[in-house]
Every structure is written in structure tokens, then in C-alpha cells.
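Written below as C-alpha cells is the structure these notes are about.
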Amino acid sequence: MITLRSLTKVFPGGVRALDAVDLTIADGEFFALLGPSGCGKTTLLRTIAGLEAPGSGAVAINGRDVTALPPGRRDVAMVFQDYAIFPHMSVRDNIAYPLRIRKVPRAERAGRAEEVAARLSLSELLGRRPAQLSGGQQQRVALARAIACRPSAFLFDEPLSNLDARLRLEARTFLKRLQRELAVTTVFVTHDQAEALALADRIAVMSAGRMVQIGTPAEVFQRPATTFVAAFIGSTPMNLLRGTSVNGALHVAGAVRAAPAGLGEGDEIVYGVRPEYMNLSETERPDGIPGTVAVVENLGTGALVTLESGDQLVQAVVPEGGEPRLGARRWAVPARSLVYRDGALMT
Ligand code: ATP
């Protein structure tokens, strides 16, 4: 279990990379830190690893306060984006390296390196140097090295980002299976929301050194707590439309929709609808947002349709065969929606 209490880190020059972060990661949990570049993900991971000292606050691992301990004594293994494997060492020596540092006897080292290599399908490659390996294989060597010392937690900093798209998907599935088998607490930094949704038991979405939302992939996807999270999560971004409350109803881009309780007359809101939950009607209806088809993007199965509605754009995913022609008139009818006031989820 990893517990962070009130972690704050201000870099020289005044950048507040971590701002009073409180977080508990459960034993065996796969936890993703997600957020745009510069939001503090790597700093948080490095602070857990002991590579960065917090300005204030505390880090505990399995109930033990490790804030003052050096990285080597925290019993965590970190895997970096560039793998950081040693080019002059064989795969075998790379995997066994942390065991050597920990003065594990030679025979046991060799046994454990071979066992881990077998698990990661590296047995045939033990004699090779990193330069003789593919990117995916190098990445597995870095994983193997992390696993070999049987740490109580894995810390991953964008470990898949140097792989090409297809290999990245394969590595993702592999990593998820491996984590389930080993049941080791894992903290995974990524700026790729799809990766976080696919891998994690829970996700923390960060912005400017703060946790904006912490939840399961379903919670973060279905009910983003703020418009920032709503815009960040989802392969096709959520429609975030301006609207106003008038006479107890919401007026959104020419449609009249039910208003949630608690809105005052004239309140400005943002109406959030995922393109997957937006249906296109060929006939006019009062609860539909009128628009003209401006773009049709093929998604392989179905298409993403962009309507122009006044000065707002509305996107809908339509099933294969349901693509409208450019310039056609349509009414976008939300099947599920969220209402945000002052950037925060209301309903
Ligand atoms: P990325 O996805 O681009 O790696 P990140 O979310 O991991 O971003 P961090 O690397 O944690 O972000 O950086 C958080 C903020 O702290 C950024 O504004 C960054 O410029 C700043 N920062 C990081 N390291 C240092 C440093 N050693 N000195 C000064 N500022 C730093």
C-alpha cells in the first residue's frame, strides 16, 4: 500500500509541481496517473521512488514512512520511458543487475534471471546485447529487471510510449496480464487517456500539481467531475456546449432540454454529451440540436459526424451505414448528458 500525505513540491523558479497531494493506493492495485504534459505526474512518481524530495508532506509504503529513505531502501522498482537498460551488458546481466547490487548470491541470481526471462519470453535472448533487440524486447528486459528484485511496488513512467502503435497495444495487454499474475501494487504514469482507461483499476487525473478526480475508469469516463476531465478523457472528446437556464429548462444550441434541480434563472452552464451518446435525427424535434453536417470522419466501424450549429460544433458517432452526406440537415439528440456549472459537475 502506498500513502501520500499532503505532498508538495515547488521547484526553484516557483513551479508548483505538486500541490498538497493526498492519495492512498491499495495493495495490489493498478493505479494510473493521467494528465497533460507538465501537470506533475513524473514528479509524483519520482517522489514515491525517492528520486525527488518533497518540500513538505510524507510518503509511506506498506505503513512505513519512507520520506527520508534513499531510493534503494524503499523496495520499489521504477521502469522509465527510455527503459534505462545498460547497453554494454547482456540481457542476462541486465536482468540480474539489481540482484547483484543487493548482493544476492551468484547461483540464485542466475536462477531468478532465468525464471523471470522465461515469464517474459526472453529466454532465447539472454545472451544478446540491447542493441540486438527490438523496442518491444528492450521494454520487456526493463520489465524483467524490475520484476527480478520482487519489489513491493512497480513505478512506471510512460513505459510504452517509445513503442509503435501496434506494439504498444500488445505490450499493454501483456503488462495488464503480468500485473494481475504478480498482484504487485503498480503506479503507472501516462498522458494517454486510452491507456489509463484500459489498464488501471483506478485513475487519478492531475492538473497543475493537483488531483482533479480519482476514480475507476468507468467513473472517470461516465461522470467526469470537471469540464477539464471531460475534455481530457475519451478517444473522441466530449461535446461541451454552452447553454442557459430559462424558465426551468435548459436552452442549448437551439434545443430545449430538461434542467437539473438547483439552477437559477439565467445561469450559464456547459452541457456535456459524449459523441457516442449523441443520436442524429433526420426530422426536427424540440429537444434536438439543429445543425448542418460539416465533416464526416470514418472510424472503421461507423463515423464521427461534426455538425455546425450556429457558432458551436456538435459531434456524434453514427453506426456503419448511417453516415449522412455533407451539408445535410440533422438534429443531434443526446441520449445521456451531464451539466456543468462553473466547470464542476452538477448532476
Ligand atoms: P510530462 O508528461 O511532460 O512528462 P509531467 O506531468 O510528468 O509532464 P513533471 O515532469 O512532473 O510533469 O513536471 C511538472 C512541472 O515541474 C513542470 O512545469 C516542469 O517544467 C517542472 N519541473 C520538473 N522538473 C523540474 C526541475 N528539475 N526544475 C524545475 N522545474 C521542474
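Chain lettering (A, B, ...) mirrors the order of the C-alpha cells, residue numbering begins at 1 for each chain separately, and ligand numbering begins at 1 in order of display.
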
Close residues to ligand 1 using only C-alpha atoms and all ligand atoms, limit 10 Å, as a PyMOL selection string: chain A and resi 9-18+33-47+52+81+157-158+189-192+206-209

Please produce a file of those selected residues containing C-alpha atoms, as a PDB file, in the first residue's frame.
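Below you can see out.pdb, which holds the result:
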ATOM      1  CA  LYS A   9       6.946  20.211  -4.312  1.00  0.00           C
ATOM      2  CA  VAL A  10       7.909  23.644  -5.563  1.00  0.00           C
ATOM      3  CA  PHE A  11      10.859  23.742  -7.957  1.00  0.00           C
ATOM      4  CA  PRO A  12      13.356  26.575  -7.941  1.00  0.00           C
ATOM      5  CA  GLY A  13      11.787  29.223 -10.154  1.00  0.00           C
ATOM      6  CA  GLY A  14       8.431  28.758  -8.432  1.00  0.00           C
ATOM      7  CA  VAL A  15       6.786  25.911 -10.410  1.00  0.00           C
ATOM      8  CA  ARG A  16       4.404  24.137  -8.034  1.00  0.00           C
ATOM      9  CA  ALA A  17       4.710  20.622  -9.473  1.00  0.00           C
ATOM     10  CA  LEU A  18       2.835  19.016  -6.552  1.00  0.00           C
ATOM     11  CA  LEU A  33      -1.605   8.921 -13.018  1.00  0.00           C
ATOM     12  CA  LEU A  34      -3.032  10.732 -16.004  1.00  0.00           C
ATOM     13  CA  GLY A  35      -2.740  14.322 -17.107  1.00  0.00           C
ATOM     14  CA  PRO A  36      -1.343  16.713 -19.696  1.00  0.00           C
ATOM     15  CA  SER A  37       2.340  17.469 -20.058  1.00  0.00           C
ATOM     16  CA  GLY A  38       3.749  19.357 -17.094  1.00  0.00           C
ATOM     17  CA  CYS A  39       0.937  18.552 -14.636  1.00  0.00           C
ATOM     18  CA  GLY A  40       3.320  16.853 -12.177  1.00  0.00           C
ATOM     19  CA  LYS A  41       2.915  13.128 -12.925  1.00  0.00           C
ATOM     20  CA  THR A  42       6.601  12.341 -13.214  1.00  0.00           C
ATOM     21  CA  THR A  43       7.431  14.455 -10.180  1.00  0.00           C
ATOM     22  CA  LEU A  44       4.889  12.492  -8.156  1.00  0.00           C
ATOM     23  CA  LEU A  45       6.299   9.164  -9.307  1.00  0.00           C
ATOM     24  CA  ARG A  46       9.877  10.279  -8.608  1.00  0.00           C
ATOM     25  CA  THR A  47       8.818  11.430  -5.151  1.00  0.00           C
ATOM     26  CA  GLU A  52      12.873  13.660  -5.654  1.00  0.00           C
ATOM     27  CA  GLN A  81      10.268   5.654 -20.644  1.00  0.00           C
ATOM     28  CA  ASP A 157       6.911   6.274 -16.171  1.00  0.00           C
ATOM     29  CA  GLU A 158       5.293   6.087 -19.631  1.00  0.00           C
ATOM     30  CA  VAL A 189       2.233   7.438 -15.393  1.00  0.00           C
ATOM     31  CA  THR A 190       0.734   8.224 -18.775  1.00  0.00           C
ATOM     32  CA  HIS A 191      -0.636  11.144 -20.753  1.00  0.00           C
ATOM     33  CA  ASP A 192      -2.631   8.693 -22.883  1.00  0.00           C
ATOM     34  CA  MET A 206      -3.946  15.588 -12.495  1.00  0.00           C
ATOM     35  CA  SER A 207      -3.783  19.223 -13.453  1.00  0.00           C
ATOM     36  CA  ALA A 208      -1.247  21.776 -12.241  1.00  0.00           C
ATOM     37  CA  GLY A 209       0.052  19.606  -9.383  1.00  0.00           C
TER      38      GLY A 209
END

A:Asn162 environment, 10 Å, only C-alpha atoms, sequence neighbours closer than 5 positions dropped, as a ChimeraX atom specification: /A:81-83,135-136,139,167-168

Option closest in space to A:Glu276, from A:Thr306, A:Thr301, A:Ser6, A:Gln315 [counting only C-alpha atoms]: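 Of all the options, A:Gln315 lies closest to A:Glu276.
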
Per-residue nearest contacts of stretch 92-204 of chain A to stretch 219-230 of chain A (9 Å; only C-alpha atoms) as JSON lines:
{"residue": "A:Leu197", "atom": "CA", "partner": "A:Phe221", "partner_atom": "CA", "distance": 8.2}
{"residue": "A:Arg202", "atom": "CA", "partner": "A:Val220", "partner_atom": "CA", "distance": 8.9}
{"residue": "A:Ile203", "atom": "CA", "partner": "A:Val220", "partner_atom": "CA", "distance": 7.6}
{"residue": "A:Ala204", "atom": "CA", "partner": "A:Val220", "partner_atom": "CA", "distance": 8.9}

Å distance separating atom CA of A:Ser245 from atom CA of A:Ala316, one decimal place: 23.7 Å

d(atom CA of A:Arg180, atom CA of A:Ala165) in Å: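 Between atom CA of A:Arg180 and atom CA of A:Ala165 the gap is 23.0 Å.
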
Atom CA of A:Arg112 to atom CA of A:Leu69, distance in Å rounded to a single decimal: 26.6 Å

DSSP strand (DSSP E or B) residues within stretch 80-314 of chain A, as a PyMOL selection string: chain A and resi 153-157+185-190+202-207+210-215+226+239-246+249-252+255-258+268-273+278-281+289-298+303-309+312-314

Residues within 12 Å of A:Arg92, only C-alpha atoms, excluding chain neighbours under 5 positions, as a PyMOL selection string: chain A and resi 85-86+97-100+109-118+122-130+141-142+144-145+148

Would you put the residues from that selection into a file with C-alpha atoms, as a tab-separated table (two decimals), in the first residue's frame?
chain	number	residue	atom	x	y	z
A	85	ILE	CA	18.94	-0.72	-19.65
A	86	PHE	CA	22.73	-0.96	-19.87
A	97	TYR	CA	21.92	-6.33	-12.13
A	98	PRO	CA	19.65	-5.21	-9.27
A	99	LEU	CA	20.17	-8.59	-7.62
A	100	ARG	CA	23.94	-8.11	-7.84
A	109	ARG	CA	20.86	-14.56	-9.32
A	110	ALA	CA	21.20	-16.76	-12.37
A	111	GLY	CA	18.17	-18.83	-11.37
A	112	ARG	CA	15.97	-15.81	-10.81
A	113	ALA	CA	17.09	-14.10	-14.01
A	114	GLU	CA	16.19	-17.23	-15.99
A	115	GLU	CA	12.85	-17.61	-14.27
A	116	VAL	CA	11.87	-14.00	-14.98
A	117	ALA	CA	13.20	-14.22	-18.54
A	118	ALA	CA	11.01	-17.28	-19.16
A	122	LEU	CA	13.15	-13.57	-23.17
A	123	SER	CA	14.83	-16.96	-22.60
A	124	GLU	CA	16.20	-17.15	-26.14
A	125	LEU	CA	17.65	-13.65	-25.88
A	126	LEU	CA	19.59	-13.87	-22.61
A	127	GLY	CA	22.98	-13.70	-24.36
A	128	ARG	CA	22.16	-10.69	-26.53
A	129	ARG	CA	23.06	-7.05	-26.04
A	130	PRO	CA	20.27	-4.41	-26.01
A	141	VAL	CA	14.08	-6.51	-20.47
A	142	ALA	CA	13.41	-3.36	-18.46
A	144	ALA	CA	12.18	-8.19	-16.29
A	145	ARG	CA	14.82	-6.25	-14.41
A	148	ALA	CA	13.62	-9.74	-10.71

Nearby residues (only C-alpha atoms) at most 12 Å from A:Val59, same-chain spacing under 4 positions excluded, as an MDAnalysis selection string: chainID A and resid 1:8 21:25 44:50 52:55 63:69 74

Would you export the selected residues with C-alpha atoms as an mmCIF file, in the first residue's frame, please?
data_model
loop_
_atom_site.group_PDB
_atom_site.id
_atom_site.type_symbol
_atom_site.label_atom_id
_atom_site.label_comp_id
_atom_site.auth_asym_id
_atom_site.auth_seq_id
_atom_site.Cartn_x
_atom_site.Cartn_y
_atom_site.Cartn_z
ATOM 1 C CA MET A 1 0.000 0.000 0.000
ATOM 2 C CA ILE A 2 1.258 3.498 -0.825
ATOM 3 C CA THR A 3 0.058 6.513 1.134
ATOM 4 C CA LEU A 4 0.845 10.101 0.203
ATOM 5 C CA ARG A 5 0.042 12.817 2.684
ATOM 6 C CA SER A 6 -0.068 16.486 1.741
ATOM 7 C CA LEU A 7 2.811 16.175 -0.722
ATOM 8 C CA THR A 8 4.016 19.492 -2.032
ATOM 9 C CA VAL A 21 -1.440 15.729 -2.889
ATOM 10 C CA ASP A 22 -3.277 13.196 -0.699
ATOM 11 C CA LEU A 23 -3.632 9.699 -2.057
ATOM 12 C CA THR A 24 -3.890 6.089 -0.911
ATOM 13 C CA ILE A 25 -3.105 3.320 -3.375
ATOM 14 C CA LEU A 44 4.889 12.492 -8.156
ATOM 15 C CA LEU A 45 6.299 9.164 -9.307
ATOM 16 C CA ARG A 46 9.877 10.279 -8.608
ATOM 17 C CA THR A 47 8.818 11.430 -5.151
ATOM 18 C CA ILE A 48 7.368 7.986 -4.405
ATOM 19 C CA ALA A 49 10.593 6.414 -5.697
ATOM 20 C CA GLY A 50 12.758 8.722 -3.580
ATOM 21 C CA GLU A 52 12.873 13.660 -5.654
ATOM 22 C CA ALA A 53 12.483 15.012 -2.120
ATOM 23 C CA PRO A 54 9.138 16.657 -1.374
ATOM 24 C CA GLY A 55 9.125 20.191 0.029
ATOM 25 C CA GLY A 63 2.683 1.522 6.540
ATOM 26 C CA ARG A 64 6.348 2.528 6.826
ATOM 27 C CA ASP A 65 7.268 6.195 6.479
ATOM 28 C CA VAL A 66 9.932 6.254 3.743
ATOM 29 C CA THR A 67 10.058 10.032 3.196
ATOM 30 C CA ALA A 68 13.643 10.246 4.420
ATOM 31 C CA LEU A 69 14.859 6.966 2.870
ATOM 32 C CA ARG A 74 12.198 1.818 -0.464
#

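Distances here use only C-alpha atoms; by that measure, the residue among A:Ala198, A:Ala253, A:Val293, A:Val246 closest to A:Gly234 is A:Ala198.
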
Option closest in space to A:Ala96, from A:Ile147, A:Leu299, A:Met346, A:Leu155 [counting only C-alpha atoms]: A:Ile147

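Restricting the calculation to only C-alpha atoms, the smallest distance between A:Gln138 and any of A:Asn298, A:Ser152, A:Asn94, A:Gln179 is found for A:Asn94.
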